[in-house]
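J.: Hey, dropping upload32.pdb in here, PDB, C-alpha atoms:
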MODEL        1
ATOM      1  CA  MET A 279      -3.956 -10.501  -5.747
ATOM      2  CA  GLU A 280      -6.664 -11.656  -3.411
ATOM      3  CA  LEU A 281      -6.234 -12.997   0.108
ATOM      4  CA  ARG A 282      -8.512 -15.510   1.750
ATOM      5  CA  VAL A 283      -7.971 -16.285   5.398
ATOM      6  CA  ILE A 284      -8.454 -20.009   5.914
ATOM      7  CA  ASN A 285      -7.644 -20.115   9.611
ATOM      8  CA  LYS A 286      -6.284 -17.584  12.094
ATOM      9  CA  THR A 287      -5.383 -17.992  15.735
ATOM     10  CA  ASP A 288      -3.162 -15.933  18.022
ATOM     11  CA  ALA A 289      -0.121 -17.950  16.921
ATOM     12  CA  GLU A 290      -0.945 -19.299  13.440
ATOM     13  CA  LEU A 291      -2.263 -17.990  10.151
ATOM     14  CA  ARG A 292      -3.256 -20.006   7.077
ATOM     15  CA  ILE A 293      -4.014 -17.742   4.146
ATOM     16  CA  GLU A 294      -4.538 -18.299   0.433
ATOM     17  CA  ILE A 295      -2.698 -15.781  -1.763
ATOM     18  CA  ALA A 296      -4.438 -15.955  -5.135
ATOM     19  CA  GLY A 297      -2.515 -15.284  -8.308
ATOM     20  CA  GLU A 298       1.011 -15.796  -6.979
ATOM     21  CA  ASP A 299       3.561 -18.432  -7.917
ATOM     22  CA  HIS A 300       6.761 -19.921  -6.517
ATOM     23  CA  THR A 301       8.792 -16.804  -7.412
ATOM     24  CA  PHE A 302       7.043 -14.524  -4.951
ATOM     25  CA  MET A 303       6.116 -17.197  -2.421
ATOM     26  CA  ASN A 304       9.745 -18.272  -1.929
ATOM     27  CA  VAL A 305      10.791 -14.655  -1.374
ATOM     28  CA  LEU A 306       7.910 -14.154   1.081
ATOM     29  CA  LYS A 307       8.678 -17.365   2.955
ATOM     30  CA  GLY A 308      12.343 -16.370   3.223
ATOM     31  CA  ALA A 309      11.460 -12.934   4.599
ATOM     32  CA  LEU A 310       9.114 -14.496   7.145
ATOM     33  CA  LEU A 311      11.761 -16.954   8.318
ATOM     34  CA  GLU A 312      14.150 -14.047   8.960
ATOM     35  CA  ALA A 313      11.702 -12.517  11.456
ATOM     36  CA  ASP A 314      12.635 -13.150  15.096
ATOM     37  CA  ASP A 315       9.193 -14.239  16.279
ATOM     38  CA  VAL A 316       8.306 -16.492  13.329
ATOM     39  CA  THR A 317       8.787 -20.140  14.231
ATOM     40  CA  ALA A 318       7.615 -21.566  10.906
ATOM     41  CA  ALA A 319       6.649 -20.342   7.453
ATOM     42  CA  THR A 320       5.640 -22.692   4.658
ATOM     43  CA  TYR A 321       3.441 -22.671   1.607
ATOM     44  CA  ASP A 322       1.735 -25.316  -0.479
ATOM     45  CA  MET A 323       0.550 -25.096  -4.051
ATOM     46  CA  ASN A 324       0.735 -28.664  -5.265
ATOM     47  CA  PRO A 325      -2.627 -29.372  -6.884
ATOM     48  CA  GLU A 326      -2.198 -33.160  -6.865
ATOM     49  CA  GLN A 327      -1.605 -33.333  -3.127
ATOM     50  CA  SER A 328      -4.094 -30.677  -2.110
ATOM     51  CA  GLY A 329      -7.272 -31.650  -3.889
ATOM     52  CA  GLY A 330      -6.838 -29.489  -6.976
ATOM     53  CA  GLN A 331      -5.849 -26.263  -5.230
ATOM     54  CA  THR A 332      -3.593 -24.165  -7.437
ATOM     55  CA  ASP A 333      -3.200 -20.888  -5.519
ATOM     56  CA  PRO A 334      -0.597 -20.960  -2.763
ATOM     57  CA  ILE A 335      -1.657 -21.426   0.834
ATOM     58  CA  LEU A 336       0.782 -19.808   3.230
ATOM     59  CA  THR A 337       1.102 -20.969   6.832
ATOM     60  CA  VAL A 338       2.812 -18.691   9.352
ATOM     61  CA  LYS A 339       3.424 -19.655  12.990
ATOM     62  CA  THR A 340       4.685 -17.225  15.621
ATOM     63  CA  GLU A 341       5.646 -17.433  19.272
ATOM     64  CA  GLU A 342       4.183 -14.224  20.697
ATOM     65  CA  SER A 343       3.255 -11.779  17.951
ATOM     66  CA  ASP A 344       0.212 -11.798  15.687
ATOM     67  CA  PRO A 345       1.060 -13.820  12.558
ATOM     68  CA  LEU A 346      -0.745 -11.237  10.405
ATOM     69  CA  ASP A 347       1.636  -8.588  11.773
ATOM     70  CA  ALA A 348       4.566 -10.870  10.894
ATOM     71  CA  LEU A 349       3.204 -11.227   7.361
ATOM     72  CA  GLU A 350       2.806  -7.470   7.035
ATOM     73  CA  GLY A 351       6.360  -6.943   8.304
ATOM     74  CA  ALA A 352       7.752  -9.454   5.808
ATOM     75  CA  ALA A 353       5.896  -7.841   2.902
ATOM     76  CA  SER A 354       7.158  -4.420   3.972
ATOM     77  CA  ASP A 355      10.716  -5.751   4.227
ATOM     78  CA  ILE A 356      10.479  -7.212   0.716
ATOM     79  CA  SER A 357       9.265  -3.873  -0.638
ATOM     80  CA  THR A 358      12.133  -2.033   1.039
ATOM     81  CA  ARG A 359      14.721  -4.492  -0.252
ATOM     82  CA  THR A 360      13.413  -4.572  -3.801
ATOM     83  CA  ASP A 361      13.175  -0.773  -3.918
ATOM     84  CA  ALA A 362      16.840  -0.575  -2.888
ATOM     85  CA  LEU A 363      17.778  -3.215  -5.457
ATOM     86  CA  ARG A 364      15.857  -1.427  -8.199
ATOM     87  CA  GLU A 365      17.631   1.839  -7.371
ATOM     88  CA  ALA A 366      21.031   0.103  -7.398
ATOM     89  CA  VAL A 367      20.305  -1.521 -10.772
ATOM     90  CA  GLN A 368      19.084   1.797 -12.184
ATOM     91  CA  THR A 369      22.209   3.601 -10.919
ATOM     92  CA  ALA A 370      24.487   0.919 -12.351
ATOM     93  CA  TRP A 371      22.628   1.013 -15.657
ATOM     94  CA  GLU A 372      22.852   4.801 -15.892
ATOM     95  CA  SER A 373      26.568   4.773 -15.015
ATOM     96  CA  ARG A 374      27.235   2.793 -18.198
ATOM     97  CA  GLY A 375      26.685   5.939 -20.236
ATOM     98  CA  PRO A 376      24.461   6.260 -23.300
ATOM     99  CA  THR A 377      22.983   2.877 -24.154
ATOM    100  CA  GLN A 378      20.138   1.411 -26.080
ATOM    101  CA  GLY A 379      17.083   0.154 -24.270
ATOM    102  CA  ARG A 380      15.967   0.091 -20.673
ATOM    103  CA  PRO A 381      17.369  -1.650 -17.603
ATOM    104  CA  PRO A 382      16.045  -5.113 -16.725
ATOM    105  CA  ALA A 383      12.590  -5.033 -15.141
ATOM    106  CA  GLY A 384      12.606  -8.364 -13.241
ATOM    107  CA  VAL A 385      12.829  -6.697  -9.828
ATOM    108  CA  GLY A 386       9.448  -5.105 -10.468
ATOM    109  CA  ILE A 387       7.670  -8.450 -10.374
ATOM    110  CA  VAL A 388       8.498  -9.068  -6.717
ATOM    111  CA  THR A 389       8.064  -5.385  -5.806
ATOM    112  CA  ASN A 390       4.585  -5.276  -7.302
ATOM    113  CA  SER A 391       3.556  -8.494  -5.566
ATOM    114  CA  SER A 392       4.826  -7.333  -2.173
ATOM    115  CA  SER A 393       3.090  -3.955  -2.564
ATOM    116  CA  LEU A 394      -0.194  -5.637  -3.447
ATOM    117  CA  LEU A 395       0.221  -8.023  -0.531
ATOM    118  CA  LEU A 396       0.766  -5.119   1.865
ATOM    119  CA  LYS A 397      -2.416  -3.420   0.653
ATOM    120  CA  GLN A 398      -4.421  -6.632   0.995
ATOM    121  CA  ILE A 399      -3.034  -7.370   4.467
ATOM    122  CA  ARG A 400      -3.951  -3.905   5.648
ATOM    123  CA  LEU A 401      -7.451  -4.342   4.227
ATOM    124  CA  HIS A 402      -7.851  -7.768   5.827
ATOM    125  CA  GLY A 403      -6.317  -6.550   9.075
ATOM    126  CA  GLN A 404      -9.222  -4.138   9.420
ATOM    127  CA  LEU A 405     -11.689  -6.945   8.784
ATOM    128  CA  ILE A 406     -10.179  -9.672  10.993
TER     129      ILE A 406
ENDMDL
END
What is this structure when it is put down as structure tokens?
T.:
Amino acid sequence: MELRVINKTDAELRIEIAGEDHTFMNVLKGALLEADDVTAATYDMNPEQSGGQTDPILTVKTEESDPLDALEGAASDISTRTDALREAVQTAWESRGPTQGRPPAGVGIVTNSSSLLLKQIRLHGQLI
């Protein structure tokens, strides 16, 4: 995952999040919209309407806080939630007794994306 800041002001951030798709972007947008100070969170990845762009461009607007801080908080919240979900699934799976195979791994997709996003935000936060 690579981040490219397109535009950043005190109240708005437009950032390209390379390599992600609707699965992670919808989760991220939802987490941002749950934050108290976030007034808007949207993303666009429609290549026909955006001149061929295929990686999502996330827009975050805040009232008083730094939008990069809001993005970091949302990514951290996603990591916390998916870790808890993974543990609950693992516990439920293990409570079934001896079985064949491993528990479903779908939670890992969002967890890995949110962890990578956190690392990239922290890196970019030092550079911005």
J.: Taking the file as shown, what set of residues would the PyMOL selection byres ((chain A and resi 346) around 9) give back, as a PyMOL selection string?
T.: chain A and resi 286+290-291+338+343-345+347-351+399+403
J.: What does the structure give for the distance between atom CA of A:Asp314 and atom CA of A:Asn285, in Å to one decimal?
T.: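 Here the two named atoms are 22.1 Å from each other.
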J.: Just checking: using only C-alpha atoms, which residue out of A:Arg364, A:Arg359, A:Arg282, A:Arg292 ends up closest to A:Val305?
T.: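 Using only C-alpha atoms, A:Val305 sits closest to A:Arg359.
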J.: I want to know what sits within 10 Å of A:Gly308, based on only C-alpha atoms, with residues of the same chain fewer than 6 positions away left out; could you give that as an NGL selection string?
T.: :A and (302 or 319-320 or 352 or 356)
J.: Go ahead and save the picked residues with C-alpha atoms, as a short mmCIF file (atom, residue, chain, number, x, y, z; two decimals), in the frame of the given file.
T.:
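Heads up, here's the output in out.cif:
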data_model
loop_
_atom_site.label_atom_id
_atom_site.label_comp_id
_atom_site.auth_asym_id
_atom_site.auth_seq_id
_atom_site.Cartn_x
_atom_site.Cartn_y
_atom_site.Cartn_z
CA PHE A 302 7.04 -14.52 -4.95
CA ALA A 319 6.65 -20.34 7.45
CA THR A 320 5.64 -22.69 4.66
CA ALA A 352 7.75 -9.45 5.81
CA ILE A 356 10.48 -7.21 0.72
#
J.: Work out how far apart atom CA of A:Ile293 and atom CA of A:Ala313 are and give it in Å to one decimal.
T.: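 Between atom CA of A:Ile293 and atom CA of A:Ala313 the gap works out to 18.1 Å.
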J.: Using all atoms listed in the file, which protein or nucleic acid residues come within 7 Å of A:Thr317? Drop anything in the same chain fewer than 2 positions from it, and give the result as an mmCIF file with C-alpha atoms, keeping the file's coordinate frame.
T.:
data_model
loop_
_atom_site.group_PDB
_atom_site.id
_atom_site.type_symbol
_atom_site.label_atom_id
_atom_site.label_comp_id
_atom_site.auth_asym_id
_atom_site.auth_seq_id
_atom_site.Cartn_x
_atom_site.Cartn_y
_atom_site.Cartn_z
ATOM 1 C CA ASP A 315 9.193 -14.239 16.279
ATOM 2 C CA LYS A 339 3.424 -19.655 12.990
ATOM 3 C CA THR A 340 4.685 -17.225 15.621
ATOM 4 C CA GLU A 341 5.646 -17.433 19.272
#
J.: Which distance in Å separates atom CA of A:Tyr321 and atom CA of A:Leu336, to one decimal?
T.: 4.2 Å
